[in-house]
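Chemist: Provided herewith: work-v8.cif, mmCIF, C-alpha atoms.
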```cif
data_work
loop_
_atom_site.label_atom_id
_atom_site.label_comp_id
_atom_site.auth_asym_id
_atom_site.auth_seq_id
_atom_site.Cartn_x
_atom_site.Cartn_y
_atom_site.Cartn_z
CA MET C 130 128.73 101.08 119.37
CA ILE C 131 127.20 102.30 116.13
CA TRP C 132 126.43 98.70 115.13
CA VAL C 133 124.37 98.27 118.29
CA TRP C 134 122.26 101.27 117.31
CA ILE C 135 121.82 99.88 113.81
CA ALA C 136 120.70 96.53 115.24
CA LEU C 137 118.29 98.28 117.59
CA ALA C 138 116.83 100.55 114.89
CA PRO C 139 113.47 98.70 114.54
CA ILE C 140 113.03 98.71 118.32
CA LEU C 141 113.79 102.43 118.47
CA GLY C 142 111.26 103.06 115.70
CA GLY C 143 108.72 100.88 117.51
CA LEU C 144 109.07 103.01 120.62
CA VAL C 145 108.54 106.14 118.51
CA TYR C 146 105.41 104.60 116.99
CA GLY C 147 104.08 103.52 120.40
CA GLY C 148 104.76 106.98 121.82
CA GLU C 149 102.97 108.49 118.87
CA ARG C 150 99.85 106.40 119.47
CA VAL C 151 99.82 107.52 123.11
CA LEU C 152 100.36 111.14 122.06
CA ARG C 153 97.52 111.05 119.54
CA ALA C 154 95.24 109.52 122.18
CA ARG C 155 96.12 112.27 124.67
CA MET C 156 95.43 114.91 122.00
CA GLN C 157 91.90 113.45 121.71
CA ARG C 158 91.56 113.37 125.53
CA ARG C 159 91.51 109.59 125.89
CA GLN C 160 93.81 107.12 127.57
CA GLY C 161 95.26 105.33 124.57
CA PRO C 162 97.18 102.06 124.26
CA PRO C 163 100.30 101.27 126.34
CA LEU C 164 103.66 102.50 125.10
CA LEU C 165 104.82 98.99 124.18
CA GLN C 166 101.70 98.27 122.11
CA PRO C 167 103.58 97.89 118.76
CA PHE C 168 105.68 95.09 120.30
CA TYR C 169 102.59 93.33 121.65
CA ASP C 170 101.16 93.52 118.13
CA MET C 171 104.37 92.05 116.70
CA PHE C 172 104.42 89.15 119.16
CA LYS C 173 100.77 88.44 118.48
CA LEU C 174 101.36 88.40 114.72
CA LEU C 175 104.06 85.75 115.27
CA ASP C 176 101.42 83.57 116.92
CA LYS C 177 98.91 83.77 114.06
CA ARG C 178 98.55 81.27 111.25
CA THR C 179 100.13 82.80 108.12
CA LEU C 180 98.31 82.87 104.79
CA ILE C 181 100.63 83.24 101.81
CA ILE C 182 99.37 84.19 98.34
CA HIS C 183 102.54 83.12 96.52
CA ALA C 184 106.20 83.01 97.51
CA PRO C 185 107.53 86.10 95.65
CA HIS C 186 104.78 88.23 97.18
CA ALA C 187 105.84 87.23 100.69
CA LEU C 188 109.57 87.50 99.93
CA LEU C 189 109.23 91.00 98.44
CA ALA C 190 107.93 92.23 101.82
CA LEU C 191 110.98 90.67 103.49
CA ALA C 192 113.29 92.24 100.88
CA HIS C 193 111.60 95.63 101.37
CA PHE C 194 112.29 95.44 105.09
CA ALA C 195 115.90 94.32 104.59
CA VAL C 196 116.75 97.07 102.07
CA LEU C 197 115.08 99.68 104.25
CA TRP C 198 117.10 98.51 107.25
CA PHE C 199 120.25 98.72 105.11
CA SER C 200 119.47 102.32 104.18
CA ILE C 201 118.96 103.14 107.88
CA ALA C 202 122.34 101.53 108.58
CA ALA C 203 123.85 103.73 105.87
CA ILE C 204 122.42 106.81 107.58
CA PHE C 205 123.88 105.78 110.95
CA LEU C 206 127.28 105.08 109.35
CA GLY C 207 127.29 108.52 107.72
CA TRP C 208 127.35 107.51 104.06
CA ASN C 209 126.44 109.50 100.96
CA LEU C 210 123.03 111.15 101.18
CA LEU C 211 122.12 110.54 97.52
CA TYR C 212 123.04 106.87 97.90
CA ILE C 213 120.72 106.61 100.90
CA ILE C 214 117.83 108.27 99.06
CA PHE C 215 118.13 105.89 96.11
CA LEU C 216 118.46 102.85 98.38
CA HIS C 217 115.22 103.94 100.00
CA LEU C 218 113.65 104.36 96.55
CA PHE C 219 114.72 100.80 95.73
CA ALA C 220 113.00 99.55 98.90
CA GLN C 221 109.80 101.36 97.90
CA ILE C 222 109.92 99.86 94.41
CA LEU C 223 110.17 96.35 95.90
CA LEU C 224 107.03 97.11 97.90
CA ILE C 225 105.21 98.46 94.84
CA LEU C 226 106.14 95.32 92.87
CA ALA C 227 104.71 93.24 95.71
CA GLY C 228 101.47 95.19 95.44
CA TYR C 229 101.21 94.53 91.70
CA SER C 230 102.06 90.84 92.02
CA VAL C 231 98.67 89.79 93.43
CA ARG C 232 95.25 90.07 91.81
CA SER C 233 93.47 92.01 94.52
CA PRO C 234 92.20 95.34 93.11
CA TYR C 235 92.82 97.04 96.47
CA SER C 236 96.46 96.00 96.27
CA HIS C 237 96.70 97.50 92.78
CA ILE C 238 95.11 100.77 93.86
CA GLY C 239 97.51 100.84 96.81
CA SER C 240 100.46 100.33 94.47
CA ASN C 241 99.27 103.09 92.14
CA ARG C 242 98.99 105.47 95.07
CA GLU C 243 102.35 104.41 96.48
CA LEU C 244 103.90 105.25 93.08
CA LEU C 245 102.22 108.66 93.16
CA MET C 246 103.62 109.22 96.65
CA VAL C 247 107.13 108.31 95.49
CA VAL C 248 106.75 110.70 92.56
CA ALA C 249 105.62 113.40 94.99
CA TYR C 250 108.26 113.19 97.73
CA GLU C 251 111.33 111.97 95.83
CA PRO C 252 112.16 115.35 94.14
CA ILE C 253 111.94 117.12 97.49
CA LEU C 254 114.31 114.65 99.17
CA ILE C 255 116.82 115.09 96.32
CA LEU C 256 116.50 118.89 96.40
CA VAL C 257 117.10 118.79 100.17
CA ALA C 258 120.24 116.71 99.56
CA VAL C 259 121.37 119.21 96.91
CA GLY C 260 120.73 122.04 99.38
CA PHE C 261 122.95 120.31 101.96
CA TYR C 262 125.63 119.92 99.29
CA LEU C 263 125.55 123.58 98.29
CA VAL C 264 125.83 124.75 101.90
CA SER C 265 128.25 122.22 103.36
CA GLY C 266 130.16 121.18 100.24
CA SER C 267 129.59 117.44 100.62
CA PHE C 268 126.94 114.77 100.16
CA GLU C 269 128.44 112.65 102.96
CA ILE C 270 126.35 112.65 106.13
CA ALA C 271 129.53 112.40 108.21
CA GLU C 272 130.59 115.76 106.69
CA ILE C 273 127.15 117.34 106.84
CA VAL C 274 126.77 116.85 110.59
CA LYS C 275 130.02 118.81 111.12
CA GLY C 276 128.50 122.01 109.71
CA GLU C 277 126.58 124.45 111.87
CA ASN C 278 122.83 125.06 112.02
CA TYR C 279 121.40 124.61 108.55
CA LEU C 280 118.03 125.93 109.66
CA LEU C 281 119.14 129.55 109.14
CA GLN C 282 120.89 128.84 105.83
CA ILE C 283 118.21 126.73 104.10
CA PRO C 284 114.93 127.51 105.93
CA LEU C 285 112.65 127.09 102.89
CA LEU C 286 114.06 123.62 102.20
CA PHE C 287 113.18 122.74 105.79
CA ALA C 288 109.61 123.92 105.14
CA ALA C 289 109.49 121.77 101.99
CA LEU C 290 110.71 118.76 103.98
CA LEU C 291 108.08 119.50 106.62
CA ILE C 292 105.35 119.19 103.97
CA ILE C 293 106.49 115.72 102.87
CA VAL C 294 107.00 114.27 106.37
CA PRO C 295 103.27 113.24 106.63
CA ILE C 296 103.60 111.28 103.37
CA LYS C 297 106.47 109.19 104.70
CA VAL C 298 104.97 108.50 108.13
CA LYS C 299 101.52 107.86 106.57
CA LYS C 300 99.59 110.56 108.36
CA SER C 301 96.64 112.73 107.33
CA PRO C 302 96.31 114.75 105.13
CA PHE C 303 98.64 112.67 102.94
CA ASP C 304 97.90 109.06 104.01
CA VAL C 305 96.48 108.17 100.59
CA GLY C 306 98.67 105.10 100.12
CA GLU C 307 97.40 103.24 103.15
CA ALA C 308 93.94 104.78 103.60
CA HIS C 309 92.35 102.43 106.11
CA GLN C 310 88.65 101.66 105.47
CA GLU C 311 88.91 103.31 102.05
CA ILE C 312 91.23 100.87 100.27
CA VAL C 313 91.77 98.64 103.39
CA GLY C 314 95.49 99.27 103.70
CA GLY C 315 96.38 99.26 100.00
CA ILE C 316 99.50 97.14 99.50
CA GLU C 317 99.14 95.56 102.95
CA VAL C 318 95.79 94.01 102.08
CA GLU C 319 96.97 90.50 101.14
CA TYR C 320 99.57 90.11 103.89
CA SER C 321 98.99 88.25 107.13
CA GLY C 322 100.89 86.82 110.08
CA VAL C 323 104.69 86.91 109.95
CA PHE C 324 104.93 88.62 106.57
CA TYR C 325 102.58 91.40 107.59
CA GLU C 326 104.90 91.90 110.52
CA PHE C 327 107.73 92.86 108.17
CA LEU C 328 105.57 95.58 106.66
CA TYR C 329 104.56 96.66 110.16
CA MET C 330 108.21 96.91 111.21
CA SER C 331 109.24 98.68 108.01
CA ARG C 332 106.84 101.39 109.08
CA PHE C 333 108.99 101.89 112.20
CA LEU C 334 112.07 102.24 109.99
CA GLU C 335 110.33 104.84 107.82
CA TYR C 336 109.94 106.95 110.95
CA ILE C 337 113.68 106.80 111.61
CA PHE C 338 114.46 107.48 107.95
CA ILE C 339 112.45 110.68 107.58
CA TYR C 340 113.14 112.03 111.08
CA SER C 341 116.88 111.62 110.54
CA PHE C 342 116.53 114.04 107.60
CA VAL C 343 114.90 116.49 110.02
CA TYR C 344 117.72 115.82 112.50
CA LEU C 345 120.38 116.73 109.91
CA PHE C 346 119.13 120.33 109.89
CA GLY C 347 120.50 120.72 113.41
CA GLY C 348 124.06 120.38 112.10
CA GLU C 349 126.72 119.78 114.73
CA SER C 350 124.39 120.72 117.61
CA HIS C 351 122.70 117.53 118.80
CA TRP C 352 120.35 119.52 121.00
CA LEU C 353 119.02 121.59 118.11
CA GLY C 354 118.54 118.40 116.08
CA ALA C 355 116.62 116.71 118.90
CA VAL C 356 114.44 119.80 119.44
CA LEU C 357 113.68 119.97 115.72
CA VAL C 358 112.72 116.28 115.59
CA PHE C 359 110.48 116.61 118.63
CA GLY C 360 108.83 119.77 117.31
CA VAL C 361 108.16 118.22 113.90
CA PHE C 362 106.82 115.08 115.63
CA LEU C 363 104.32 117.16 117.64
CA LEU C 364 103.32 119.24 114.63
CA VAL C 365 102.78 116.25 112.35
CA ASN C 366 100.54 114.57 114.92
CA LEU C 367 98.59 117.77 115.52
CA VAL C 368 97.98 118.13 111.78
CA ASP C 369 97.08 114.44 111.59
CA ASN C 370 94.39 114.85 114.23
CA ALA C 371 93.03 118.05 112.71
CA THR C 372 92.78 117.30 108.99
CA ALA C 373 91.05 114.89 106.62
CA ARG C 374 92.63 112.87 103.82
CA VAL C 375 93.12 114.62 100.48
CA ARG C 376 92.73 112.93 97.12
CA PRO C 377 95.93 111.53 95.53
CA ALA C 378 95.92 113.99 92.60
CA HIS C 379 95.30 116.84 95.01
CA MET C 380 98.24 115.71 97.13
CA LEU C 381 100.49 115.74 94.06
CA LYS C 382 99.27 119.23 93.18
CA ILE C 383 100.03 120.57 96.68
CA ILE C 384 103.52 119.06 96.73
CA TYR C 385 104.42 120.19 93.21
CA THR C 386 103.18 123.73 93.62
CA VAL C 387 104.02 124.60 97.23
CA ALA C 388 106.89 122.33 98.26
CA VAL C 389 108.83 122.26 94.99
CA SER C 390 108.62 126.03 94.54
CA LEU C 391 109.79 126.57 98.14
CA ALA C 392 112.76 124.27 97.54
CA VAL C 393 113.67 125.80 94.14
CA VAL C 394 113.45 129.37 95.48
CA ASN C 395 115.79 128.42 98.30
CA LEU C 396 118.27 126.76 95.93
CA LEU C 397 118.21 129.76 93.56
CA GLY C 398 118.80 132.03 96.57
CA ILE C 399 121.95 130.10 97.46
CA LEU C 400 123.25 129.96 93.90
CA LEU C 401 122.67 133.60 92.92
CA MET Q 148 104.45 78.91 120.54
CA LYS Q 149 103.83 79.10 124.27
CA PHE Q 150 105.84 82.29 124.78
CA PHE Q 151 103.73 84.40 122.43
CA THR Q 152 100.31 83.19 123.59
CA PRO Q 153 99.85 85.79 126.38
CA PHE Q 154 100.25 88.58 123.82
CA ARG Q 155 97.09 87.51 121.98
CA LYS Q 156 94.90 89.28 124.48
CA LYS Q 157 97.03 92.40 124.43
CA SER Q 158 96.44 93.27 120.80
CA PRO Q 159 93.07 92.06 119.48
CA TRP Q 160 92.43 93.49 116.03
CA VAL Q 161 88.80 93.75 115.10
CA LEU Q 162 86.97 93.07 111.87
CA HIS Q 163 83.46 94.52 111.83
CA TYR Q 164 80.88 93.12 109.42
CA ASN Q 165 77.31 94.23 108.96
CA ALA Q 166 75.17 91.22 107.97
CA GLY Q 167 72.02 93.21 107.24
CA SER Q 168 71.79 95.16 110.48
CA CYS Q 169 69.71 98.33 110.97
CA ASN Q 170 72.97 100.21 111.81
CA GLY Q 171 71.96 100.58 115.47
CA CYS Q 172 74.61 98.14 116.73
CA ASP Q 173 77.16 99.46 114.22
CA ILE Q 174 76.84 102.93 115.65
CA GLU Q 175 77.29 101.52 119.17
CA ILE Q 176 80.43 99.68 118.03
CA LEU Q 177 81.78 102.90 116.57
CA ALA Q 178 80.93 104.68 119.82
CA ALA Q 179 82.90 102.02 121.73
CA LEU Q 180 85.87 102.55 119.39
CA GLY Q 181 85.62 106.34 119.66
CA PRO Q 182 87.26 108.70 122.17
CA LYS Q 183 84.64 108.39 124.93
CA PHE Q 184 84.79 104.63 125.56
CA ASP Q 185 88.22 104.25 123.92
CA LEU Q 186 88.57 100.57 123.03
CA GLU Q 187 92.09 101.36 121.80
CA ARG Q 188 93.33 101.23 125.38
CA PHE Q 189 93.03 97.43 125.11
CA GLY Q 190 95.11 97.56 121.92
CA VAL Q 191 92.08 97.21 119.64
CA ILE Q 192 92.47 98.41 116.07
CA ASN Q 193 89.57 98.35 113.63
CA THR Q 194 91.49 96.83 110.72
CA GLY Q 195 88.79 96.27 108.11
CA ASN Q 196 90.95 93.49 106.67
CA PRO Q 197 90.07 89.85 107.52
CA LYS Q 198 93.61 88.56 106.98
CA GLN Q 199 95.03 90.63 109.82
CA SER Q 200 92.23 90.46 112.38
CA ASP Q 201 91.56 88.28 115.44
CA ILE Q 202 88.04 89.18 116.52
CA PHE Q 203 85.07 89.08 114.15
CA LEU Q 204 82.32 91.47 115.27
CA VAL Q 205 79.10 90.68 113.41
CA THR Q 206 75.89 92.69 113.60
CA GLY Q 207 72.50 91.96 112.10
CA PRO Q 208 70.38 88.89 111.34
CA VAL Q 209 71.99 87.18 108.39
CA THR Q 210 70.09 88.21 105.29
CA TYR Q 211 70.10 85.99 102.22
CA ARG Q 212 72.34 88.41 100.39
CA SER Q 213 74.98 88.59 103.12
CA ARG Q 214 75.48 84.95 104.10
CA GLU Q 215 78.06 84.13 101.40
CA ARG Q 216 80.17 87.14 102.40
CA LEU Q 217 79.82 86.19 106.07
CA VAL Q 218 81.24 82.71 105.51
CA GLU Q 219 83.88 84.02 103.12
CA LEU Q 220 85.11 86.62 105.61
CA TYR Q 221 85.07 84.05 108.41
CA SER Q 222 87.20 81.59 106.49
CA GLN Q 223 89.68 84.32 105.52
CA ILE Q 224 90.50 85.16 109.15
CA PRO Q 225 93.62 83.21 110.16
CA GLU Q 226 93.40 81.14 113.34
CA PRO Q 227 93.15 81.72 116.29
CA LYS Q 228 89.95 83.71 115.86
CA VAL Q 229 86.92 84.63 117.94
CA VAL Q 230 83.41 85.50 116.75
CA VAL Q 231 81.33 87.99 118.73
CA ALA Q 232 77.64 88.27 117.81
CA VAL Q 233 76.59 91.84 118.67
CA GLY Q 234 72.88 92.50 119.22
CA SER Q 235 69.68 90.49 119.57
CA CYS Q 236 69.26 90.01 115.83
CA THR Q 237 72.69 88.43 115.48
CA ALA Q 238 72.16 86.14 118.45
CA THR Q 239 68.63 84.88 117.75
CA GLY Q 240 67.14 86.78 114.84
CA GLY Q 241 65.45 89.27 117.20
CA VAL Q 242 62.31 90.90 115.86
CA PHE Q 243 63.06 89.49 112.42
CA ARG Q 244 62.97 85.87 113.63
CA GLY Q 245 61.04 83.61 111.27
CA MET Q 246 60.86 86.07 108.42
CA TYR Q 247 61.33 84.77 104.88
CA ASN Q 248 64.46 86.79 104.11
CA VAL Q 249 66.65 86.33 107.21
CA GLU Q 250 68.51 83.38 108.70
CA ASP Q 251 67.75 83.85 112.44
CA GLY Q 252 71.22 84.57 113.75
CA ILE Q 253 74.74 83.86 112.59
CA ASP Q 254 75.19 80.63 114.57
CA ARG Q 255 73.48 78.73 111.79
CA TYR Q 256 76.48 79.55 109.62
CA ILE Q 257 79.56 80.06 111.78
CA PRO Q 258 80.50 79.03 115.36
CA VAL Q 259 79.96 81.91 117.80
CA ASP Q 260 82.04 82.39 120.97
CA VAL Q 261 80.37 85.37 122.67
CA TYR Q 262 76.77 86.55 122.35
CA VAL Q 263 75.84 90.15 123.22
CA PRO Q 264 72.14 90.85 123.93
CA GLY Q 265 70.42 94.18 123.48
CA CYS Q 266 68.68 96.17 120.79
CA ALA Q 267 70.91 98.01 120.28
CA SER Q 268 73.56 96.62 122.65
CA SER Q 269 75.28 99.38 124.59
CA PRO Q 270 78.99 100.23 124.22
CA GLN Q 271 79.64 98.98 127.77
CA LEU Q 272 78.20 95.57 126.86
CA ILE Q 273 80.30 95.45 123.68
CA ILE Q 274 83.45 96.22 125.69
CA ASP Q 275 82.52 93.48 128.18
CA ALA Q 276 81.98 91.05 125.33
CA LEU Q 277 85.34 91.89 123.77
CA VAL Q 278 87.13 91.36 127.09
CA LYS Q 279 85.31 88.04 127.47
CA GLY Q 280 86.30 87.20 123.89
CA LEU Q 281 89.95 87.81 124.79
CA GLU Q 282 89.81 85.00 127.39
CA VAL Q 283 88.40 82.68 124.73
CA LEU Q 284 91.06 83.82 122.28
CA GLU Q 285 93.88 83.02 124.71
CA ALA Q 286 92.53 79.51 125.36
CA LYS Q 287 92.15 78.65 121.67
CA SER Q 288 94.60 76.58 119.66
CA LYS Q 289 95.63 77.15 116.07
CA GLU Q 290 93.41 74.29 114.86
CA ILE Q 291 91.47 75.10 111.72
CA GLU Q 292 87.89 76.17 112.42
CA LYS Q 293 85.13 75.47 109.94
CA PRO Q 294 81.90 77.28 109.19
CA TYR Q 295 78.79 75.08 109.54
CA LYS Q 296 77.38 75.76 106.09
CA LEU Q 297 78.59 76.86 102.68
CA PHE Q 298 81.82 75.03 103.29
CA GLY Q 299 83.91 73.19 100.71
CA ALA Q 300 86.66 70.67 101.38
CA ILE Q 301 89.89 71.41 103.23
CA GLU Q 302 92.50 71.04 100.52
CA THR Q 303 96.25 70.96 100.72
CA ILE Q 304 98.53 71.98 97.88
CA ALA Q 305 102.16 70.83 98.36
CA ASN Q 306 101.55 70.19 102.06
CA LYS Q 307 100.23 73.73 102.51
CA LEU Q 308 96.66 74.45 103.50
CA SER Q 309 94.71 76.03 100.66
CA ARG Q 310 91.79 78.32 101.41
CA LEU Q 311 90.84 78.88 97.78
CA ASN Q 312 87.71 76.73 97.78
CA MET Q 313 86.90 76.86 101.45
CA ALA Q 314 83.89 79.16 101.22
CA THR Q 315 81.44 78.08 98.55
CA LYS Q 316 78.54 79.86 96.89
CA VAL Q 317 74.96 79.20 97.97
CA GLY Q 318 74.05 76.89 95.10
CA GLN Q 319 77.29 74.91 95.05
CA ASN Q 320 77.00 72.95 98.26
CA GLU Q 321 74.51 70.13 98.64
CA LYS Q 322 74.31 70.46 102.42
CA ASP Q 323 72.91 74.00 102.20
#
```
What do you get writing this file as structure tokens?
Modeler:
Amino acid sequence: MIWVWIALAPILGGLVYGGERVLRARMQRRQGPPLLQPFYDMFKLLDKRTLIIHAPHALLALAHFAVLWFSIAAIFLGWNLLYIIFLHLFAQILLILAGYSVRSPYSHIGSNRELLMVVAYEPILILVAVGFYLVSGSFEIAEIVKGENYLLQIPLLFAALLIIVPIKVKKSPFDVGEAHQEIVGGIEVEYSGVFYEFLYMSRFLEYIFIYSFVYLFGGESHWLGAVLVFGVFLLVNLVDNATARVRPAHMLKIIYTVAVSLAVVNLLGILL
Amino acid sequence: MKFFTPFRKKSPWVLHYNAGSCNGCDIEILAALGPKFDLERFGVINTGNPKQSDIFLVTGPVTYRSRERLVELYSQIPEPKVVVAVGSCTATGGVFRGMYNVEDGIDRYIPVDVYVPGCASSPQLIIDALVKGLEVLEAKSKEIEKPYKLFGAIETIANKLSRLNMATKVGQNEKD
């Protein structure tokens, strides 16, 4: 059963992305695209002629997608949280290498910004994992979901996670890495056709990755987890519609002052 | 593949290029993409990246400065692709026709599929033109399409099509 869910993970993420586009359209009082729009886009991209810069560039996108899918599988199978975070980091590094491997300056700027984003959110993810360990006594997800309601025990870590969710799902105010019309997609700029589709689908998997961290805060109660995920989903889209993009250095400053101090205060509170 | 062809008209991604326009048509295009006319309900995304787009929206009579970029952008869009000429200037040259510094419409340089009249053309007309362009897009094959001018040879490197020297500079090509 769990293998079916792992196989369906990109489709699940695609539905979340399609629902999000509809939701954002309704927030702006317009009709918006159909719910299945991401899948239409994917089928269309299969029908386009593909332009390849050089083979490693195209293969790195494929590898990024595969490693990301593997880390999602590890989440569903309930493996070690630290292992999952570093697998995800490995997937990001493959993507950054792909950005540096072509000569387009937009691709390089995108890679620089993607590195800054990794530097910004990675400490928070690790501190959240440490928080789970201190409260539940294990890094294993299978053990963590047996505990009860982490929201009351580590509320400030949840707030810190909330701040970095827009970075992972590429939403304003922290969508510096992609930044459409400013650096025309950053790393995505040289991809087309089938290989762009892997980047497009890896975006769906990022949704599942970060929202499963939110889900973990519900503990053994599936209802609380689902409510948390839905609430965070609404909040992130509201903030996305209401704010403008910040500069990369400014983003780093916000994360390192607000989010890291929230997380550290919470950890000190547990330890002392 | 036959199975995927119907999905072309469900997700047209747009590349918008200003070839020396007065910004009148550009503002109408942005109005059509905005919340009131909501082109996104047809699945349109304004990508800003030629390698991922299907429909090429061009505004403005082609000025001397912009023609190289026009042909370069056109040859970077992977097939199938559709060109929509938005506004009188883009279709015929408009009020600038015959002037020393413009090229009297983009169809001297690239093949155009849909012409939109109007100065500036209204958002409703632009939406109509896009929907018309979708029919053209669905009927097209994946054959390579060439610009009329500023065009180098079609080269293949190891049996793969190379687009490196497709678009040439103004001085390089004898035909120009």
Chemist: Could you work out how far CA of Tyr344 (chain C) lies from CA of Gly360 (chain C), giving the answer in Å with one decimal?
Modeler: 10.9 Å
Chemist: Would you translate the PyMOL selection byres ((chain C and resi 180-190) around 8) into the concrete set of residues it matches in this file, as a list in words?
Modeler: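 When the PyMOL selection byres ((chain C and resi 180-190) around 8) is applied to the shown file, the picked residues are Arg178, Thr179, Leu191, Ala192, His193, Phe194, Leu223, Leu224, Leu226, Ala227, Gly228, Ser230, Val231, Glu319, Tyr320, Ser321, Gly322, Phe324, Tyr325, Phe327 and Leu328 of chain C; Lys198 and Pro225 of chain Q.
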Chemist: Please return, as an MDAnalysis selection string, all residues of chain C lying within 8 Å of chain Q when only C-alpha atoms are considered.
Modeler: chainID C and resid 157:163 166 169:170 172:173 175:180 309:310 313:314 318:322 325
Chemist: Grab the CA of Phe268 (chain C) to CA of Leu245 (chain C) distance for me, in Å with one decimal place.
Modeler: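 Separating CA of Phe268 (chain C) from CA of Leu245 (chain C) is a distance of 26.4 Å.
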Chemist: Using CA of Ile176 (chain Q) and CA of Cys266 (chain Q) as the two end points, give the distance in Å to one decimal.
Modeler: 12.6 Å
Chemist: Could you expand the PyMOL selection byres ((chain C and resi 206-214) around 10) into the explicit residues it covers here, written as a compact mmCIF listing (two decimals) with C-alpha atoms, in the coordinates of the input?
Modeler:
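In the end it all went to expr19.txt:
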```txt
# COMPACT_ATOMS: atom_id res chain seq x y z
CA ILE C 131 127.20 102.30 116.13
CA TRP C 132 126.43 98.70 115.13
CA ILE C 135 121.82 99.88 113.81
CA LEU C 197 115.08 99.68 104.25
CA PHE C 199 120.25 98.72 105.11
CA SER C 200 119.47 102.32 104.18
CA ILE C 201 118.96 103.14 107.88
CA ALA C 202 122.34 101.53 108.58
CA ALA C 203 123.85 103.73 105.87
CA ILE C 204 122.42 106.81 107.58
CA PHE C 205 123.88 105.78 110.95
CA PHE C 215 118.13 105.89 96.11
CA LEU C 216 118.46 102.85 98.38
CA HIS C 217 115.22 103.94 100.00
CA LEU C 218 113.65 104.36 96.55
CA PHE C 219 114.72 100.80 95.73
CA ALA C 220 113.00 99.55 98.90
CA GLU C 251 111.33 111.97 95.83
CA LEU C 254 114.31 114.65 99.17
CA ILE C 255 116.82 115.09 96.32
CA VAL C 257 117.10 118.79 100.17
CA ALA C 258 120.24 116.71 99.56
CA VAL C 259 121.37 119.21 96.91
CA PHE C 261 122.95 120.31 101.96
CA TYR C 262 125.63 119.92 99.29
CA SER C 267 129.59 117.44 100.62
CA PHE C 268 126.94 114.77 100.16
CA GLU C 269 128.44 112.65 102.96
CA ILE C 270 126.35 112.65 106.13
CA ALA C 271 129.53 112.40 108.21
CA GLU C 272 130.59 115.76 106.69
CA ILE C 273 127.15 117.34 106.84
CA VAL C 274 126.77 116.85 110.59
CA PHE C 338 114.46 107.48 107.95
CA PHE C 342 116.53 114.04 107.60
```
Chemist: So which residues fall inside 12 Å of (74.6, 98.3, 111.3) if we count all atoms listed in the file? Mind giving them as number ranges by chain?
Modeler: Q: 163-177, 204-209, 233-234, 236-237, 266-268
Chemist: C:Ala373, C:Glu243, C:Tyr385, C:Pro167: which is nearest Glu307 (chain C), counting only C-alpha atoms?
Modeler: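 For Glu307 (chain C), the nearest of the candidates is C:Glu243.
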Chemist: From the set C:Ile283, C:Ala249, C:Ile238, C:Val196, which residue has the shortest atom-to-atom contact distance to Gly315 (chain C), counting all atoms listed in the file?
Modeler: C:Ile238
Chemist: Suppose a student applies the PyMOL selection byres ((chain Q and resi 251-255) around 10) to this structure; what residues should they get, written as a ChimeraX atom specification?
Modeler: /Q:166,205-210,214,217-218,230-232,234-250,256-260,262,294-296
Chemist: Please produce a file of the residues just selected, as an mmCIF file, in the coordinates of the input, where the atoms kept are C-alpha atoms.
Modeler:
```
data_model
loop_
_atom_site.group_PDB
_atom_site.id
_atom_site.type_symbol
_atom_site.label_atom_id
_atom_site.label_comp_id
_atom_site.auth_asym_id
_atom_site.auth_seq_id
_atom_site.Cartn_x
_atom_site.Cartn_y
_atom_site.Cartn_z
ATOM 1 C CA ALA Q 166 75.170 91.220 107.970
ATOM 2 C CA VAL Q 205 79.100 90.680 113.410
ATOM 3 C CA THR Q 206 75.890 92.690 113.600
ATOM 4 C CA GLY Q 207 72.500 91.960 112.100
ATOM 5 C CA PRO Q 208 70.380 88.890 111.340
ATOM 6 C CA VAL Q 209 71.990 87.180 108.390
ATOM 7 C CA THR Q 210 70.090 88.210 105.290
ATOM 8 C CA ARG Q 214 75.480 84.950 104.100
ATOM 9 C CA LEU Q 217 79.820 86.190 106.070
ATOM 10 C CA VAL Q 218 81.240 82.710 105.510
ATOM 11 C CA VAL Q 230 83.410 85.500 116.750
ATOM 12 C CA VAL Q 231 81.330 87.990 118.730
ATOM 13 C CA ALA Q 232 77.640 88.270 117.810
ATOM 14 C CA GLY Q 234 72.880 92.500 119.220
ATOM 15 C CA SER Q 235 69.680 90.490 119.570
ATOM 16 C CA CYS Q 236 69.260 90.010 115.830
ATOM 17 C CA THR Q 237 72.690 88.430 115.480
ATOM 18 C CA ALA Q 238 72.160 86.140 118.450
ATOM 19 C CA THR Q 239 68.630 84.880 117.750
ATOM 20 C CA GLY Q 240 67.140 86.780 114.840
ATOM 21 C CA GLY Q 241 65.450 89.270 117.200
ATOM 22 C CA VAL Q 242 62.310 90.900 115.860
ATOM 23 C CA PHE Q 243 63.060 89.490 112.420
ATOM 24 C CA ARG Q 244 62.970 85.870 113.630
ATOM 25 C CA GLY Q 245 61.040 83.610 111.270
ATOM 26 C CA MET Q 246 60.860 86.070 108.420
ATOM 27 C CA TYR Q 247 61.330 84.770 104.880
ATOM 28 C CA ASN Q 248 64.460 86.790 104.110
ATOM 29 C CA VAL Q 249 66.650 86.330 107.210
ATOM 30 C CA GLU Q 250 68.510 83.380 108.700
ATOM 31 C CA TYR Q 256 76.480 79.550 109.620
ATOM 32 C CA ILE Q 257 79.560 80.060 111.780
ATOM 33 C CA PRO Q 258 80.500 79.030 115.360
ATOM 34 C CA VAL Q 259 79.960 81.910 117.800
ATOM 35 C CA ASP Q 260 82.040 82.390 120.970
ATOM 36 C CA TYR Q 262 76.770 86.550 122.350
ATOM 37 C CA PRO Q 294 81.900 77.280 109.190
ATOM 38 C CA TYR Q 295 78.790 75.080 109.540
ATOM 39 C CA LYS Q 296 77.380 75.760 106.090
#
```
